[in-house]
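Encoded as structure tokens, the structure appears first; notes follow it.
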Amino acid sequence: MEFDFSQWKTGSATGAPTSDNEIWEAVQSVRPVIWLLGKTGAGKTSLVAALTGLDALEIGNGFVSCTKQSKAFDYPTGQPLIRFLDTRGLGEAGYNPQDDIAQCEGRSHALLIVARKDDPVQGEIAEVLAGILSKSPKTPVGIVHTGTDLIDSEQERQRARLSNQKIFENAAKKELPSAQASLGEIPDTSEVLDLLAQWLPLVAFSKLRDDGRDAESDAFRRIRPMILKFATAAGAVDVAPVVGLIGVPSIQGAMLRGIGKHYGTDWSRKTSLSFAGTLGASTVLRFTASLGVRQAAKLVPGWGQTIGAASAAAISFSTTFALGRAAAYYLFKSDKNEETTHDELKAVFEKALRGSEHETSQKH
């Protein structure tokens with residue numbers, strides 16, 4: 001990935017979109033899909049609710065049918081960054097899931113098996129998992145163990161988790177990453193977010209929030225969804241090939257011009273050079289390099305993804321978001337005829353870039 005500020009432009013020799021409008025349309029189409037698979041009562045809807053900070057009723061009302069028995073939930077509703085695909089609970093009497101599973105296979109980018117620790121009967125789920133991987137062996141798969149609060153003994157909780165984990169790994173014929181989630185009154189999905197972030201960094205990073213209460217923070221909150229959308233596209237180059245054809249620099253360039261319009265400013269070459277000079281290219285390079293190392297260190301062998309791909313996705317997303325955050329701050333101050341120093345803008349960029357490490361378990 002390039003971080004040369006001169007690369008913030010549109011246009012491509014490969015036939016990719018060349019105008020900001022075309023790029024925005026492509027960006028809008030990016031919606032990585034997480035497929036939830038599990039038995040009835042495993043906690044799929046509750047998991048989505050905990051991940052998004054919404055309640056189960058809101059999630060239930062937000063689901064729309066996408067196959068005969070499966071439903072999809074887009075989040076956030078205004079400018080969706082991600083889609084959760086929920087197959088009807090397996091094991092229900094009279095339900096043959098094969099048609100739904102066949103359709104979901106072609107629509108998802110990662111699969112989460114949701115299983116309650118106190119339910120050792122997971123044979124049907126394991127059989128479906130084996131079938132999916134036989135046809136698509138590179139599908140990212142993770143196991144989410146729920147129902148922690150339903151077993152009193154810590155020793156029994158660990159035994160139940162290991163037992164179910166073994167069932168799924170035997171079906172997959174390889175080790176699988178796993179996480180546990182507490183979906184009670186005070187839910188805890190931090191492990192799930194860490195798991196998902198290693199495939200799709202945007203899942204965890206999209207929960208960034210700006211806790212400031214000043215005028216600049218209020219102004220940024222209004223444009224934050226748009227910046228997140230561009231960052232999502234930049235980080236999803238492997239998930240959404242059409243966006244990959246555009247190139248991260250072009251996505252960032254279109255984002256910066258969009259931010260300029262929001263603040264009533266033409267993001268010209270002069271503005272770009274002034275912003276770049278204040279922020280400094282070395283700031284971008286130094287912090288994104290360290291982020292790449294941290295992301296690579298999180299990987300678990302057997303995930304079917306290279307260190308380079310996972311790190312590139314994390315860097316593309318977080319750097320694009322941080323650039324957008326810094327640009328919004330810079331233009332707000334400029335509009336007020338207030339000077340922005342290098343140290344000041346660097347601090348804003350660094351906070352946005354590193355914030356993902358501290359906010360992944362927070363709710364909106």
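Numbering starts fresh at 1 for the residues of each chain in the structure tokens, the chains themselves are lettered A, B, ... in the order given, and ligands are numbered from 1 as they appear.
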- [ ] Give me every strand (DSSP E) residue in segment 104-179 of chain A, going by DSSP on the backbone, as a ChimeraX atom specification.
- [x] /A:110-116,141-146,178-179
TODO: Can you pull out every residue within 10 Å of Trp24 of chain A, counting only C-alpha atoms, but drop anything in the same chain fewer than 5 positions away, and send it as number ranges by chain?
DONE: A: 17, 19, 29, 226, 229-230, 233, 243, 251, 254-255, 258
Those same residues - N, CA, C and O atoms - I'd like them written as a CSV table (one decimal), in the first residue's frame.
chain,number,residue,atom,x,y,z
A,17,PRO,N,-13.4,2.9,-11.8
A,17,PRO,CA,-14.1,4.2,-11.8
A,17,PRO,C,-13.1,5.4,-11.7
A,17,PRO,O,-12.1,5.3,-11.1
A,19,SER,N,-14.3,8.9,-11.5
A,19,SER,CA,-14.9,10.1,-10.9
A,19,SER,C,-15.2,9.8,-9.4
A,19,SER,O,-15.4,8.7,-9.0
A,29,SER,N,-21.4,0.2,-2.2
A,29,SER,CA,-21.8,-1.2,-2.4
A,29,SER,C,-21.0,-2.2,-1.5
A,29,SER,O,-21.4,-3.4,-1.5
A,226,MET,N,-19.7,8.8,7.0
A,226,MET,CA,-19.2,8.8,5.6
A,226,MET,C,-17.7,8.4,5.6
A,226,MET,O,-17.3,7.6,4.8
A,229,LYS,N,-17.4,4.7,6.1
A,229,LYS,CA,-17.7,4.0,4.8
A,229,LYS,C,-16.6,3.9,3.9
A,229,LYS,O,-16.3,2.9,3.3
A,230,PHE,N,-15.9,5.0,3.7
A,230,PHE,CA,-14.7,5.0,2.9
A,230,PHE,C,-13.6,4.1,3.5
A,230,PHE,O,-12.9,3.4,2.8
A,233,ALA,N,-14.4,0.5,2.8
A,233,ALA,CA,-14.0,0.1,1.4
A,233,ALA,C,-12.5,-0.1,1.3
A,233,ALA,O,-12.1,-1.0,0.6
A,243,VAL,N,-14.0,-2.8,-5.5
A,243,VAL,CA,-13.4,-1.7,-4.8
A,243,VAL,C,-11.9,-1.8,-4.9
A,243,VAL,O,-11.1,-0.8,-5.0
A,251,ILE,N,-9.5,5.9,-3.3
A,251,ILE,CA,-10.6,6.0,-2.3
A,251,ILE,C,-10.3,7.1,-1.3
A,251,ILE,O,-11.2,7.8,-0.9
A,254,ALA,N,-11.0,10.5,-2.9
A,254,ALA,CA,-12.5,10.8,-3.0
A,254,ALA,C,-13.0,11.2,-1.6
A,254,ALA,O,-13.9,12.1,-1.5
A,255,MET,N,-12.5,10.5,-0.6
A,255,MET,CA,-13.0,10.8,0.8
A,255,MET,C,-12.6,12.2,1.2
A,255,MET,O,-13.4,12.9,1.8
A,258,GLY,N,-14.7,14.6,-0.4
A,258,GLY,CA,-16.1,14.6,0.2
A,258,GLY,C,-16.1,15.3,1.5
A,258,GLY,O,-17.0,16.1,1.9
TODO: Excluding Arg116 of chain A and residues on its chain fewer than 6 positions from it, collect all residues at most 7 Å away from it, counting only C-alpha atoms, and give them as a ChimeraX atom specification.
DONE: /A:42,145-147
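Contact shell of Ala181 of chain A at 10 Å (only C-alpha atoms; same-chain neighbours under 5 positions omitted): Gly43, Leu47, Ala50, Val114, Arg116, Val144, His145, Thr146, Gly147, Thr148, Asp149, Pro187, Asp188, Thr189, Ser190, Glu191, Val192 and Leu193 of chain A.
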Using the selection just defined, write its residues with N, CA and C atoms as a short mmCIF file (atom, residue, chain, number, x, y, z; two decimals), in the first residue's frame.
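result_15.cif, freshly written:
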data_model
loop_
_atom_site.label_atom_id
_atom_site.label_comp_id
_atom_site.auth_asym_id
_atom_site.auth_seq_id
_atom_site.Cartn_x
_atom_site.Cartn_y
_atom_site.Cartn_z
N GLY A 43 -28.13 -18.37 20.40
CA GLY A 43 -27.81 -17.00 20.77
C GLY A 43 -27.36 -16.14 19.60
N LEU A 47 -26.23 -12.34 19.94
CA LEU A 47 -24.84 -12.00 19.62
C LEU A 47 -24.79 -10.76 18.74
N ALA A 50 -25.51 -7.77 20.86
CA ALA A 50 -24.39 -7.39 21.71
C ALA A 50 -23.28 -6.73 20.90
N VAL A 114 -22.18 -20.59 15.96
CA VAL A 114 -22.57 -20.20 17.31
C VAL A 114 -23.11 -21.43 18.03
N ARG A 116 -23.95 -23.18 22.03
CA ARG A 116 -24.03 -23.05 23.48
C ARG A 116 -23.17 -24.11 24.16
N VAL A 144 -18.01 -19.49 18.02
CA VAL A 144 -18.37 -18.64 19.15
C VAL A 144 -19.12 -19.48 20.16
N HIS A 145 -18.54 -19.63 21.34
CA HIS A 145 -19.15 -20.43 22.41
C HIS A 145 -19.96 -19.51 23.32
N THR A 146 -21.26 -19.76 23.41
CA THR A 146 -22.14 -18.95 24.24
C THR A 146 -22.63 -19.77 25.43
N GLY A 147 -23.45 -19.14 26.27
CA GLY A 147 -24.02 -19.86 27.41
C GLY A 147 -23.08 -20.03 28.57
N THR A 148 -22.10 -19.16 28.67
CA THR A 148 -21.14 -19.25 29.78
C THR A 148 -21.85 -19.17 31.13
N ASP A 149 -22.89 -18.33 31.21
CA ASP A 149 -23.59 -18.13 32.47
C ASP A 149 -24.53 -19.27 32.82
N PRO A 187 -23.48 -7.92 28.47
CA PRO A 187 -22.81 -8.77 27.48
C PRO A 187 -21.33 -8.43 27.33
N ASP A 188 -20.55 -9.43 26.96
CA ASP A 188 -19.13 -9.25 26.70
C ASP A 188 -18.80 -9.98 25.40
N THR A 189 -18.51 -9.21 24.36
CA THR A 189 -18.19 -9.80 23.05
C THR A 189 -16.78 -9.42 22.60
N SER A 190 -15.94 -9.04 23.53
CA SER A 190 -14.60 -8.58 23.16
C SER A 190 -13.81 -9.65 22.42
N GLU A 191 -13.93 -10.91 22.83
CA GLU A 191 -13.21 -11.98 22.15
C GLU A 191 -13.73 -12.18 20.73
N VAL A 192 -15.03 -12.02 20.55
CA VAL A 192 -15.62 -12.18 19.22
C VAL A 192 -15.13 -11.07 18.29
N LEU A 193 -15.07 -9.86 18.79
CA LEU A 193 -14.59 -8.74 17.98
C LEU A 193 -13.13 -8.95 17.59
#
Just the residues within 10 Å of Phe63 of chain A, please, counting only C-alpha atoms, with nothing from its chain fewer than 5 positions along; format it as a PDB file with N, CA and C atoms, in the first residue's frame.
ATOM      1  N   THR A  45     -29.103 -14.130  17.433  1.00  0.00           N
ATOM      2  CA  THR A  45     -29.671 -12.785  17.466  1.00  0.00           C
ATOM      3  C   THR A  45     -29.112 -11.982  18.635  1.00  0.00           C
ATOM      4  N   GLU A  58     -34.792  -4.693  18.554  1.00  0.00           N
ATOM      5  CA  GLU A  58     -34.391  -3.878  17.411  1.00  0.00           C
ATOM      6  C   GLU A  58     -33.790  -4.740  16.310  1.00  0.00           C
ATOM      7  N   SER A  70     -33.851 -17.696   5.659  1.00  0.00           N
ATOM      8  CA  SER A  70     -32.762 -16.921   6.250  1.00  0.00           C
ATOM      9  C   SER A  70     -33.042 -15.433   6.152  1.00  0.00           C
ATOM     10  N   LYS A  71     -32.400 -14.672   7.063  1.00  0.00           N
ATOM     11  CA  LYS A  71     -32.636 -13.238   7.120  1.00  0.00           C
ATOM     12  C   LYS A  71     -31.314 -12.484   7.219  1.00  0.00           C
ATOM     13  N   ALA A  72     -31.370 -11.219   6.831  1.00  0.00           N
ATOM     14  CA  ALA A  72     -30.175 -10.384   6.864  1.00  0.00           C
ATOM     15  C   ALA A  72     -30.440  -9.127   7.666  1.00  0.00           C
ATOM     16  N   PHE A  73     -29.389  -8.660   8.347  1.00  0.00           N
ATOM     17  CA  PHE A  73     -29.482  -7.433   9.134  1.00  0.00           C
ATOM     18  C   PHE A  73     -28.302  -6.551   8.769  1.00  0.00           C
ATOM     19  N   ASP A  74     -28.589  -5.340   8.264  1.00  0.00           N
ATOM     20  CA  ASP A  74     -27.547  -4.391   7.896  1.00  0.00           C
ATOM     21  C   ASP A  74     -27.302  -3.423   9.043  1.00  0.00           C
ATOM     22  N   PHE A  84     -25.128  -8.948   8.675  1.00  0.00           N
ATOM     23  CA  PHE A  84     -25.180 -10.218   9.385  1.00  0.00           C
ATOM     24  C   PHE A  84     -26.222 -11.090   8.703  1.00  0.00           C
ATOM     25  N   LEU A  85     -25.828 -12.288   8.325  1.00  0.00           N
ATOM     26  CA  LEU A  85     -26.717 -13.227   7.650  1.00  0.00           C
ATOM     27  C   LEU A  85     -27.041 -14.349   8.625  1.00  0.00           C
ATOM     28  N   ASP A  86     -28.324 -14.512   8.928  1.00  0.00           N
ATOM     29  CA  ASP A  86     -28.753 -15.462   9.952  1.00  0.00           C
ATOM     30  C   ASP A  86     -29.593 -16.573   9.324  1.00  0.00           C
TER      31      ASP A  86
END
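Our summary of the geometry notes that atom CA of Thr87 of chain A is positioned 15.2 Å from atom CA of Glu127 of chain A.
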Task: 8 Å contact set for Ala327 of chain A, only C-alpha atoms, chain neighbours under 4 positions out, as a PyMOL selection string - done: chain A and resi 256+259+275+323+331
Open item on the list: I need the alpha helix (DSSP H) residues of segment 19-176 of chain A per DSSP on the backbone, written as a VMD selection string.
Closed with: chain A and resid 20 to 28 44 to 52 56 to 62 98 to 105 123 to 135 154 to 172
